[in-house]
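> Dumping the structure here so I can ask a few things about it.
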Amino acid sequence: MDIALSLMTLTIVALVLGAIALFRRGGSRKQAWLMLVLAGVLIVNVGIWTLPNSDGESLARAGDTKEAPE
């Protein structure tokens with residue numbers, strides 16, 4: 001799970017930097033806005049997986065500690 005969260009975080013950075021580059025170059029504004037929207041969706045997903053719930057457990061760590069039923 002750590003690899004997936006790391007890749008999502010790197011993707012967020014790449015999308016934001018790419019959108020900024022498109023805005024500065026005067027490129028396709030629609031694509032730049034869509035890149036920012038996708039980065040926002042990924043931020044929410046990373047938050048859902050990493051922020052703890054009322055029990056103090058995150059979804060990313062919940063799967064690591066529990067065993068699969070036999």
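Identifiers in the structure tokens: chain A, B, ... in order shown; residue index from 1 per chain; ligand index from 1 in order shown.
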As a ChimeraX atom specification, please: every residue in chain A that DSSP puts in alpha helix (DSSP H).
/A:2-25,29-50,59-65
> Distance atom CA of A:Leu59-atom CA of A:Val44, one decimal place?
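Atom CA of A:Val44 lies 13.4 Å from atom CA of A:Leu59.
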> Mind checking which residues fall within 9 Å of stretch 39-42 of chain A, counting only C-alpha atoms, ignoring those fewer than 5 positions away in the same chain, and posting them as a count of residues only?
10
> Residues at most 12 Å from A:Ser58, counting only C-alpha atoms, excluding those fewer than 6 positions away in the same chain, as a list in words?
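My list of contacting residues is Met1, Val46, Gly47, Ile48, Trp49, Thr50, Leu51, Pro52, Asp64 and Thr65 of chain A.
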> Please identify all polymer residues within 10 Å of A:Ile20, counting only C-alpha atoms, omitting same-chain residues fewer than 3 positions from it, and present them as a list in words.
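Residues near the query, excluding close chain neighbours: Ala14, Leu15, Val16, Leu17, Phe23, Arg24, Arg25, Gly26, Ala32, Trp33, Met35 and Leu36 of chain A.
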> Emit the selected residues as a CSV table (one decimal), in the first residue's frame, including C-alpha atoms.

chain,number,residue,atom,x,y,z
A,14,ALA,CA,3.6,16.1,-11.5
A,15,LEU,CA,0.0,17.1,-12.3
A,16,VAL,CA,0.2,20.4,-10.5
A,17,LEU,CA,3.6,21.3,-12.0
A,23,PHE,CA,-0.9,28.0,-17.7
A,24,ARG,CA,2.4,29.9,-18.1
A,25,ARG,CA,2.9,28.8,-21.7
A,26,GLY,CA,-0.6,29.7,-22.7
A,32,ALA,CA,-4.6,22.4,-17.3
A,33,TRP,CA,-7.8,22.8,-15.3
A,35,MET,CA,-5.1,18.2,-14.5
A,36,LEU,CA,-5.8,20.3,-11.4
> Atom CA of A:Ala4 and atom CA of A:Asn45, how far apart in Å?
11.0 Å
> So how far away is atom CA of A:Ile3 from atom CA of A:Ala60, in Å?
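For atom CA of A:Ala60 relative to atom CA of A:Ile3, the distance reads 11.0 Å.
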